[in-house]
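Okay, protein.pdb now, which holds PDB, C-alpha atoms, pLDDT in the B column:
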```pdb
ATOM      1  CA  ARG A   1     115.315 128.050  78.700  1.00 40.00           C
ATOM      2  CA  GLN A   2     118.785 128.778  77.578  1.00 41.00           C
ATOM      3  CA  GLN A   3     120.583 132.051  77.844  1.00 46.00           C
ATOM      4  CA  GLY A   4     121.166 133.384  74.346  1.00 46.00           C
ATOM      5  CA  ASP A   5     123.950 135.356  72.755  1.00 46.00           C
ATOM      6  CA  GLY A   6     122.285 138.552  73.937  1.00 47.00           C
ATOM      7  CA  MET A   7     124.236 138.834  77.151  1.00 46.00           C
ATOM      8  CA  MET A   8     127.750 138.692  75.811  1.00 43.00           C
ATOM      9  CA  GLY A   9     128.482 141.357  73.238  1.00 42.00           C
ATOM     10  CA  ARG A  10     126.048 141.534  70.372  1.00 41.00           C
ATOM     11  CA  MET A  11     126.926 143.686  67.382  1.00 43.00           C
ATOM     12  CA  MET A  12     123.540 145.412  67.318  1.00 52.00           C
ATOM     13  CA  LYS A  13     122.318 147.988  69.831  1.00 65.00           C
ATOM     14  CA  LYS A  14     122.022 146.978  73.442  1.00 81.00           C
ATOM     15  CA  HIS A  15     118.560 146.288  74.851  1.00 88.00           C
ATOM     16  CA  PRO A  16     117.418 149.432  76.710  1.00 92.00           C
ATOM     17  CA  GLY A  17     116.176 147.569  79.797  1.00 93.00           C
ATOM     18  CA  TRP A  18     112.550 148.570  79.239  1.00 93.00           C
ATOM     19  CA  VAL A  19     109.657 147.838  76.912  1.00 91.00           C
ATOM     20  CA  LEU A  20     107.091 150.236  75.520  1.00 90.00           C
ATOM     21  CA  LEU A  21     103.704 149.888  77.211  1.00 89.00           C
ATOM     22  CA  LYS A  22     100.871 149.805  74.684  1.00 88.00           C
ATOM     23  CA  ASN A  23      98.645 151.951  76.933  1.00 86.00           C
ATOM     24  CA  GLN A  24      99.872 155.496  76.287  1.00 89.00           C
ATOM     25  CA  MET A  25      96.730 157.255  77.585  1.00 86.00           C
ATOM     26  CA  HIS A  26      97.346 160.473  79.520  1.00 87.00           C
ATOM     27  CA  VAL A  27     101.042 160.560  78.646  1.00 91.00           C
ATOM     28  CA  PRO A  28     102.208 164.149  78.056  1.00 91.00           C
ATOM     29  CA  GLY A  29     103.376 165.128  74.570  1.00 93.00           C
ATOM     30  CA  GLY A  30     107.003 164.270  73.891  1.00 93.00           C
ATOM     31  CA  TYR A  31     107.010 161.275  76.295  1.00 93.00           C
ATOM     32  CA  ARG A  32     106.386 157.532  76.127  1.00 92.00           C
ATOM     33  CA  ARG A  33     105.335 155.180  78.951  1.00 92.00           C
ATOM     34  CA  VAL A  34     107.626 152.182  79.412  1.00 93.00           C
ATOM     35  CA  LEU A  35     107.952 149.270  81.853  1.00 93.00           C
ATOM     36  CA  SER A  36     111.314 148.081  83.111  1.00 95.00           C
ATOM     37  CA  THR A  37     112.765 144.699  82.195  1.00 95.00           C
ATOM     38  CA  THR A  38     115.786 145.399  84.415  1.00 97.00           C
ATOM     39  CA  LEU A  39     116.046 143.845  87.853  1.00 96.00           C
ATOM     40  CA  TRP A  40     118.096 145.352  90.659  1.00 95.00           C
ATOM     41  CA  VAL A  41     119.596 142.781  93.019  1.00 93.00           C
ATOM     42  CA  GLY A  42     120.881 144.317  96.259  1.00 91.00           C
ATOM     43  CA  SER A  43     122.921 142.911  99.154  1.00 89.00           C
ATOM     44  CA  PHE A  44     124.716 140.771  96.605  1.00 89.00           C
ATOM     45  CA  ASN A  45     128.019 139.129  97.534  1.00 85.00           C
ATOM     46  CA  ALA A  46     129.954 139.104  94.266  1.00 84.00           C
ATOM     47  CA  ASP A  47     133.055 137.329  95.602  1.00 87.00           C
ATOM     48  CA  GLY A  48     134.113 134.776  93.003  1.00 87.00           C
ATOM     49  CA  VAL A  49     131.048 135.447  90.844  1.00 89.00           C
ATOM     50  CA  ASN A  50     131.058 136.812  87.304  1.00 93.00           C
ATOM     51  CA  GLU A  51     128.379 138.084  84.918  1.00 95.00           C
ATOM     52  CA  ARG A  52     128.032 134.699  83.230  1.00 95.00           C
ATOM     53  CA  ASP A  53     127.307 133.001  86.576  1.00 93.00           C
ATOM     54  CA  VAL A  54     124.526 135.483  87.328  1.00 93.00           C
ATOM     55  CA  GLY A  55     123.213 135.253  83.775  1.00 94.00           C
ATOM     56  CA  ASN A  56     123.044 131.472  83.985  1.00 93.00           C
ATOM     57  CA  LEU A  57     121.087 131.715  87.239  1.00 91.00           C
ATOM     58  CA  PHE A  58     118.505 134.086  85.720  1.00 94.00           C
ATOM     59  CA  ALA A  59     118.330 132.207  82.393  1.00 95.00           C
ATOM     60  CA  ARG A  60     115.947 129.707  84.016  1.00 93.00           C
ATOM     61  CA  PHE A  61     113.350 132.524  83.984  1.00 93.00           C
ATOM     62  CA  GLY A  62     113.893 133.684  80.405  1.00 95.00           C
ATOM     63  CA  TYR A  63     116.286 135.323  77.987  1.00 95.00           C
ATOM     64  CA  VAL A  64     118.992 137.367  79.722  1.00 96.00           C
ATOM     65  CA  GLU A  65     120.073 140.379  77.679  1.00 95.00           C
ATOM     66  CA  ASP A  66     122.692 141.820  80.013  1.00 95.00           C
ATOM     67  CA  VAL A  67     124.231 141.497  83.467  1.00 96.00           C
ATOM     68  CA  SER A  68     126.159 144.249  85.220  1.00 95.00           C
ATOM     69  CA  ILE A  69     127.811 143.579  88.588  1.00 95.00           C
ATOM     70  CA  LYS A  70     128.481 146.683  90.704  1.00 94.00           C
ATOM     71  CA  ARG A  71     130.948 145.168  93.181  1.00 91.00           C
ATOM     72  CA  ALA A  72     131.654 148.410  95.059  1.00 90.00           C
ATOM     73  CA  VAL A  73     128.021 148.744  96.150  1.00 91.00           C
ATOM     74  CA  GLY A  74     127.089 145.052  96.309  1.00 90.00           C
ATOM     75  CA  SER A  75     124.446 145.067  93.628  1.00 93.00           C
ATOM     76  CA  VAL A  76     123.711 143.554  90.243  1.00 95.00           C
ATOM     77  CA  PHE A  77     121.516 144.705  87.384  1.00 96.00           C
ATOM     78  CA  VAL A  78     119.996 141.977  85.199  1.00 96.00           C
ATOM     79  CA  THR A  79     118.184 142.925  82.002  1.00 96.00           C
ATOM     80  CA  MET A  80     115.667 140.400  80.720  1.00 95.00           C
ATOM     81  CA  ARG A  81     114.322 140.417  77.153  1.00 92.00           C
ATOM     82  CA  ASP A  82     110.698 141.090  78.080  1.00 90.00           C
ATOM     83  CA  ARG A  83     108.570 142.169  81.000  1.00 92.00           C
ATOM     84  CA  ILE A  84     106.833 138.842  81.603  1.00 91.00           C
ATOM     85  CA  GLU A  85     110.162 137.048  82.026  1.00 94.00           C
ATOM     86  CA  ALA A  86     111.422 139.864  84.259  1.00 95.00           C
ATOM     87  CA  GLU A  87     108.292 139.647  86.437  1.00 93.00           C
ATOM     88  CA  THR A  88     108.704 135.870  86.713  1.00 94.00           C
ATOM     89  CA  ALA A  89     112.363 136.228  87.680  1.00 94.00           C
ATOM     90  CA  LYS A  90     111.541 138.938  90.233  1.00 94.00           C
ATOM     91  CA  ALA A  91     108.852 136.792  91.841  1.00 91.00           C
ATOM     92  CA  GLU A  92     110.684 133.471  91.811  1.00 89.00           C
ATOM     93  CA  CYS A  93     114.384 134.203  92.340  1.00 84.00           C
ATOM     94  CA  PHE A  94     114.172 134.706  96.124  1.00 73.00           C
ATOM     95  CA  GLY A  95     116.210 132.116  97.993  1.00 72.00           C
ATOM     96  CA  VAL A  96     117.731 130.682  94.801  1.00 72.00           C
ATOM     97  CA  GLY A  97     121.448 129.884  95.037  1.00 74.00           C
ATOM     98  CA  MET A  98     123.622 132.982  95.346  1.00 76.00           C
ATOM     99  CA  LEU A  99     120.471 135.135  95.693  1.00 77.00           C
ATOM    100  CA  ALA A 100     119.426 133.555  99.001  1.00 78.00           C
ATOM    101  CA  SER A 101     119.913 136.719 101.078  1.00 82.00           C
ATOM    102  CA  CYS A 102     119.429 139.335  98.354  1.00 86.00           C
ATOM    103  CA  LYS A 103     116.776 141.975  97.822  1.00 90.00           C
ATOM    104  CA  VAL A 104     115.253 142.165  94.344  1.00 92.00           C
ATOM    105  CA  GLY A 105     113.437 145.132  92.843  1.00 95.00           C
ATOM    106  CA  TRP A 106     113.007 147.025  89.596  1.00 97.00           C
ATOM    107  CA  GLY A 107     115.990 148.831  88.129  1.00 96.00           C
ATOM    108  CA  HIS A 108     115.540 151.565  85.583  1.00 90.00           C
ATOM    109  CA  GLY A 109     116.794 151.070  82.052  1.00 90.00           C
ATOM    110  CA  ALA A 110     118.709 153.278  79.657  1.00 90.00           C
ATOM    111  CA  GLY A 111     117.664 156.902  79.412  1.00 91.00           C
ATOM    112  CA  VAL A 112     115.184 156.721  82.290  1.00 93.00           C
ATOM    113  CA  SER A 113     115.207 159.764  84.558  1.00 91.00           C
ATOM    114  CA  ARG A 114     114.680 158.973  88.228  1.00 90.00           C
ATOM    115  CA  ASP A 115     112.169 161.809  88.641  1.00 89.00           C
ATOM    116  CA  VAL A 116     109.703 160.106  86.264  1.00 90.00           C
ATOM    117  CA  TYR A 117     110.249 156.538  87.464  1.00 94.00           C
ATOM    118  CA  ASP A 118     108.190 154.441  89.870  1.00 94.00           C
ATOM    119  CA  TYR A 119     110.481 151.950  91.636  1.00 93.00           C
ATOM    120  CA  ARG A 120     107.535 149.905  92.943  1.00 93.00           C
ATOM    121  CA  THR A 121     106.197 149.070  89.484  1.00 93.00           C
ATOM    122  CA  GLY A 122     109.145 149.752  87.172  1.00 95.00           C
ATOM    123  CA  GLU A 123     107.026 152.198  85.176  1.00 94.00           C
ATOM    124  CA  ALA A 124     108.703 155.246  83.654  1.00 94.00           C
ATOM    125  CA  LEU A 125     108.162 158.072  81.242  1.00 94.00           C
ATOM    126  CA  ILE A 126     110.947 158.537  78.728  1.00 93.00           C
ATOM    127  CA  THR A 127     111.390 161.348  76.270  1.00 93.00           C
ATOM    128  CA  GLU A 128     110.655 160.831  72.611  1.00 92.00           C
ATOM    129  CA  ASN A 129     114.390 161.341  71.924  1.00 91.00           C
ATOM    130  CA  VAL A 130     115.320 158.450  74.224  1.00 91.00           C
ATOM    131  CA  PHE A 131     112.675 156.284  72.601  1.00 90.00           C
ATOM    132  CA  GLN A 132     113.988 157.073  69.104  1.00 87.00           C
ATOM    133  CA  LYS A 133     117.542 156.221  70.181  1.00 86.00           C
ATOM    134  CA  PHE A 134     116.412 152.632  70.815  1.00 78.00           C
ATOM    135  CA  GLY A 135     113.674 152.529  68.170  1.00 63.00           C
ATOM    136  CA  ASP A 136     115.539 150.228  65.783  1.00 57.00           C
ATOM    137  CA  LEU A 137     115.270 147.325  68.250  1.00 64.00           C
ATOM    138  CA  ASN A 138     111.726 146.738  66.922  1.00 62.00           C
ATOM    139  CA  LEU A 139     110.394 145.626  70.289  1.00 66.00           C
ATOM    140  CA  PRO A 140     106.611 145.262  70.076  1.00 70.00           C
ATOM    141  CA  PRO A 141     104.483 147.326  72.503  1.00 78.00           C
ATOM    142  CA  TYR A 142     103.784 145.394  75.669  1.00 78.00           C
ATOM    143  CA  GLU A 143     100.083 144.674  76.213  1.00 82.00           C
ATOM    144  CA  TYR A 144      99.238 144.495  79.873  1.00 77.00           C
ATOM    145  CA  PRO A 145      95.434 144.751  80.166  1.00 73.00           C
ATOM    146  CA  SER A 146      95.293 144.539  83.964  1.00 73.00           C
ATOM    147  CA  TYR A 147      98.051 147.099  84.566  1.00 77.00           C
ATOM    148  CA  VAL A 148      96.857 150.486  85.823  1.00 78.00           C
ATOM    149  CA  PRO A 149      99.460 153.139  84.950  1.00 81.00           C
ATOM    150  CA  ARG A 150     100.734 155.234  87.863  1.00 79.00           C
ATOM    151  CA  LEU A 151     102.463 157.963  85.868  1.00 73.00           C
ATOM    152  CA  PRO A 152     102.586 160.765  84.692  1.00 63.00           C
ATOM    153  CA  LYS A 153     103.615 162.812  87.645  1.00 63.00           C
ATOM    154  CA  LEU A 154     105.629 165.468  85.886  1.00 54.00           C
TER
END
```
Starting from the file, give its structure as structure tokens.
Amino acid sequence: RQQGDGMMGRMMKKHPGWVLLKNQMHVPGGYRRVLSTTLWVGSFNADGVNERDVGNLFARFGYVEDVSIKRAVGSVFVTMRDRIEAETAKAECFGVGMLASCKVGWGHGAGVSRDVYDYRTGEALITENVFQKFGDLNLPPYEYPSYVPRLPKL
């Protein structure tokens, strides 16, 4: 697959780095359950590497929305368009090129509070206000029949 125009400066709102999970059972009023589409890549050596290089590497797994290199801490955040592509990238990127010695996990997206975020699964609860801020992206709810929600733990 090819990397689209999403990564480099679209005029519309930026992808939030999460998708709404269709299963909203047991979610407290005023919150929505979401799943991350953002990958955290740690122990990353960014010498001579730019966002486009990283984006091109992850584009083999799906549509890359955004790449943010945090050189000072040796990490990268890669936002994929949807959860399935993010899961594929997370599972298959180990040992690939510049990621050979990196750790890969879930990063939280925009507006996600760390106290209602599960780093193992990438599941989070976001407030209704945060959801409305990104509501015009028209991302369909993500159906994940086999996923057993871990939150809320408010």
| request: Given the file shown, enumerate the residues that the PyMOL selection byres ((chain A and resi 69-77) around 6) captures and present them as a PyMOL selection string. | output: chain A and resi 39-44+67-68+78
| field | Answer as a PyMOL selection string, residues within 10 Å of (116.5, 141.4, 84.5) using only C-alpha atoms | value | chain A and resi 17-18+36-41+55+58-59+61-67+76-83+85-90+104-107+109
| Using only C-alpha atoms, what residues lie at most 8 Å away from (108.5, 159.8, 79.3) (file coordinates), given as a ChimeraX atom specification? | /A:27-28,30-34,112,116,124-128
| request: Using CA of Asn23 in chain A and CA of Arg120 in chain A as the two end points, give the distance in Å to one decimal. | output: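 Result for CA of Asn23 in chain A versus CA of Arg120 in chain A: 18.4 Å, one decimal.
If you apply the PyMOL selection byres ((chain A and resi 142) around 8) to this structure, you end up with Val19, Leu20, Leu21, Lys22, Arg83, Pro140, Pro141, Glu143 and Tyr144 of chain A.
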| said: Let me make sure I understand: among A:Phe131, A:Ala46, A:His26, A:Leu151, which one has the smallest atom-to-atom distance to Ala110 in chain A if we use only C-alpha atoms? | reply: A:Phe131
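Using all atoms listed in the file, the smallest distance between any of A:Val148, A:Met25, A:Met98, A:Val130 and Asp47 in chain A comes from A:Met98.
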